[in-house]
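One structure below.
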Amino acid sequence: MLAQHSVSRCGECGAVLPIATASLEQCPNCRAPLHACRQCTHFDTLRRFECAQPIPERLADKNARNDCGWFSLRVTVERDASPDSTRPGDIRRGFDNLFKK
């Protein structure tokens with residue numbers, strides 16, 4: 001089974017954000033605002049006003065900082081990308097074993 005972990009990433013540069021991101025105003029890497037629609041859990045381009053919550057009006061710039069009360073920083077689950085411990089010889093041997101009689 002592959003290991004997984006929860007992570008928040010900046011919508012602009014893709015940098016992994018620290019755990020205590022709630023206190024941050026902007027990405028430590030590119031300085032993009034974090035309290036913006038694009039960073040929110042509820043951001044959904046298929047929904048009315050591009051938000052899953054009942055907001056009264058559409059916010060034009062989804063990358064700009066806003067004071068929306070529904071805001072919740074988006075957290076995703078990613079697989080660990082650590083290198084596999086399998087050696088190339090083991091892979092080749094496994095492939096050859098597929099065709100043995």
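Here's how to read the names in the structure tokens: chain A, B, ... by the order shown, residue numbers from 1 in each chain, ligand numbers from 1 in the order shown.
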
### Surrounding residues of segment 25-29 of chain A excluding itself and chain neighbours under 2 positions, 12 Å, only C-alpha atoms, as a PyMOL selection string
chain A and resi 8-18+20-23+31-36+39+63-67+73

### Message
I'd like the contact shell of Gln53 of chain A - 10 Å cut-off, only C-alpha atoms, skipping same-chain residues fewer than 2 positions apart - returned as a VMD selection string.
### Response
chain A and resid 42 to 44 47 to 51 55 to 56 70 to 71

Write a file of the just-selected residues containing N, CA and C atoms, as a short mmCIF file (atom, residue, chain, number, x, y, z; two decimals), in the first residue's frame.
data_model
loop_
_atom_site.label_atom_id
_atom_site.label_comp_id
_atom_site.auth_asym_id
_atom_site.auth_seq_id
_atom_site.Cartn_x
_atom_site.Cartn_y
_atom_site.Cartn_z
N HIS A 42 -14.10 25.25 -1.24
CA HIS A 42 -15.40 25.39 -1.89
C HIS A 42 -15.33 25.91 -3.33
N PHE A 43 -14.14 26.22 -3.82
CA PHE A 43 -13.99 26.72 -5.19
C PHE A 43 -14.34 25.60 -6.16
N ASP A 44 -15.32 25.87 -7.03
CA ASP A 44 -15.80 24.87 -7.98
C ASP A 44 -16.29 25.59 -9.24
N ARG A 47 -20.03 25.36 -10.41
CA ARG A 47 -21.13 25.85 -9.57
C ARG A 47 -21.43 27.32 -9.86
N ARG A 48 -22.59 27.75 -9.41
CA ARG A 48 -22.99 29.16 -9.55
C ARG A 48 -21.97 30.04 -8.85
N PHE A 49 -21.54 31.07 -9.49
CA PHE A 49 -20.51 31.99 -9.00
C PHE A 49 -19.20 31.28 -8.68
N GLU A 50 -19.02 30.07 -9.19
CA GLU A 50 -17.81 29.26 -9.00
C GLU A 50 -17.52 28.97 -7.52
N CYS A 51 -18.61 28.77 -6.77
CA CYS A 51 -18.47 28.47 -5.34
C CYS A 51 -19.55 27.48 -4.92
N ILE A 55 -22.93 32.09 -1.86
CA ILE A 55 -22.44 33.47 -1.79
C ILE A 55 -23.40 34.38 -2.57
N PRO A 56 -23.56 35.65 -2.13
CA PRO A 56 -24.55 36.53 -2.76
C PRO A 56 -24.16 37.05 -4.14
N TRP A 70 -16.93 31.98 4.22
CA TRP A 70 -16.98 30.55 3.92
C TRP A 70 -15.60 29.95 3.66
N PHE A 71 -14.58 30.78 3.59
CA PHE A 71 -13.25 30.32 3.19
C PHE A 71 -12.72 29.20 4.09
#

### Query
Nearest to Gly69 of chain A among A:Thr45, A:Cys37, A:Lys100, A:Asp90, with distances taken over only C-alpha atoms: which residue is it?
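The shortest atom-to-atom distance to Gly69 of chain A comes from A:Cys37.
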
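Note that atom CA of His5 of chain A and atom CA of Arg74 of chain A are 13.8 Å apart.
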
Among the residues of chain A, find those DSSP assigns to helix (DSSP H, G or I) from the backbone and print them as an mmCIF file with C-alpha atoms, in the first residue's frame.
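Heads up, here's the output in selection_27.cif:
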data_model
loop_
_atom_site.group_PDB
_atom_site.id
_atom_site.type_symbol
_atom_site.label_atom_id
_atom_site.label_comp_id
_atom_site.auth_asym_id
_atom_site.auth_seq_id
_atom_site.Cartn_x
_atom_site.Cartn_y
_atom_site.Cartn_z
ATOM 1 C CA THR A 21 -1.082 28.134 7.163
ATOM 2 C CA ALA A 22 -4.193 29.644 8.744
ATOM 3 C CA SER A 23 -2.058 32.454 10.156
ATOM 4 C CA CYS A 37 -11.182 31.717 -3.997
ATOM 5 C CA ARG A 38 -8.620 29.643 -5.884
ATOM 6 C CA GLN A 39 -7.157 28.375 -2.585
ATOM 7 C CA ARG A 48 -22.990 29.155 -9.553
ATOM 8 C CA PHE A 49 -20.509 31.993 -8.999
ATOM 9 C CA GLU A 50 -17.809 29.264 -8.997
ATOM 10 C CA PRO A 88 16.318 -2.729 -11.509
ATOM 11 C CA GLY A 89 17.538 -6.345 -11.464
ATOM 12 C CA ASP A 90 14.479 -7.395 -9.443
ATOM 13 C CA ILE A 91 12.171 -5.777 -11.963
ATOM 14 C CA ARG A 92 13.901 -7.460 -14.895
ATOM 15 C CA ARG A 93 13.808 -10.853 -13.139
ATOM 16 C CA GLY A 94 10.079 -10.414 -12.481
ATOM 17 C CA PHE A 95 9.460 -9.580 -16.132
ATOM 18 C CA ASP A 96 11.429 -12.631 -17.312
ATOM 19 C CA ASN A 97 9.474 -14.862 -14.906
#

### Task
List every residue of chain A that DSSP, applied to the backbone, labels as strand (DSSP E), and write the result as a ChimeraX atom specification.
/A:4-7,76-79

Let me see the file: selected residues, N, CA and C atoms, as an mmCIF file, in the first residue's frame.
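Below is the file that was written, out.cif:
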data_model
loop_
_atom_site.group_PDB
_atom_site.id
_atom_site.type_symbol
_atom_site.label_atom_id
_atom_site.label_comp_id
_atom_site.auth_asym_id
_atom_site.auth_seq_id
_atom_site.Cartn_x
_atom_site.Cartn_y
_atom_site.Cartn_z
ATOM 1 N N GLN A 4 0.244 7.832 2.126
ATOM 2 C CA GLN A 4 -0.417 9.062 1.728
ATOM 3 C C GLN A 4 -0.283 10.093 2.835
ATOM 4 N N HIS A 5 -0.394 11.350 2.463
ATOM 5 C CA HIS A 5 -0.374 12.417 3.455
ATOM 6 C C HIS A 5 -1.239 13.578 2.965
ATOM 7 N N SER A 6 -1.756 14.362 3.911
ATOM 8 C CA SER A 6 -2.554 15.535 3.582
ATOM 9 C C SER A 6 -1.634 16.727 3.400
ATOM 10 N N VAL A 7 -1.941 17.542 2.401
ATOM 11 C CA VAL A 7 -1.072 18.676 2.100
ATOM 12 C C VAL A 7 -1.895 19.812 1.491
ATOM 13 N N THR A 76 -5.465 18.572 0.162
ATOM 14 C CA THR A 76 -5.597 17.389 -0.684
ATOM 15 C C THR A 76 -4.786 16.240 -0.096
ATOM 16 N N VAL A 77 -5.116 15.038 -0.511
ATOM 17 C CA VAL A 77 -4.373 13.855 -0.092
ATOM 18 C C VAL A 77 -3.496 13.435 -1.259
ATOM 19 N N GLU A 78 -2.206 13.325 -1.001
ATOM 20 C CA GLU A 78 -1.250 12.952 -2.043
ATOM 21 C C GLU A 78 -0.492 11.699 -1.634
ATOM 22 N N ARG A 79 -0.051 10.971 -2.640
ATOM 23 C CA ARG A 79 0.810 9.818 -2.377
ATOM 24 C C ARG A 79 2.221 10.306 -2.111
#

### Message
Considering only C-alpha atoms, can you say which of A:Cys30, A:Leu24, A:Ala3, A:Leu59 comes closest to Asp80 of chain A?
### Response
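Smallest separation from Asp80 of chain A among the options: A:Ala3.
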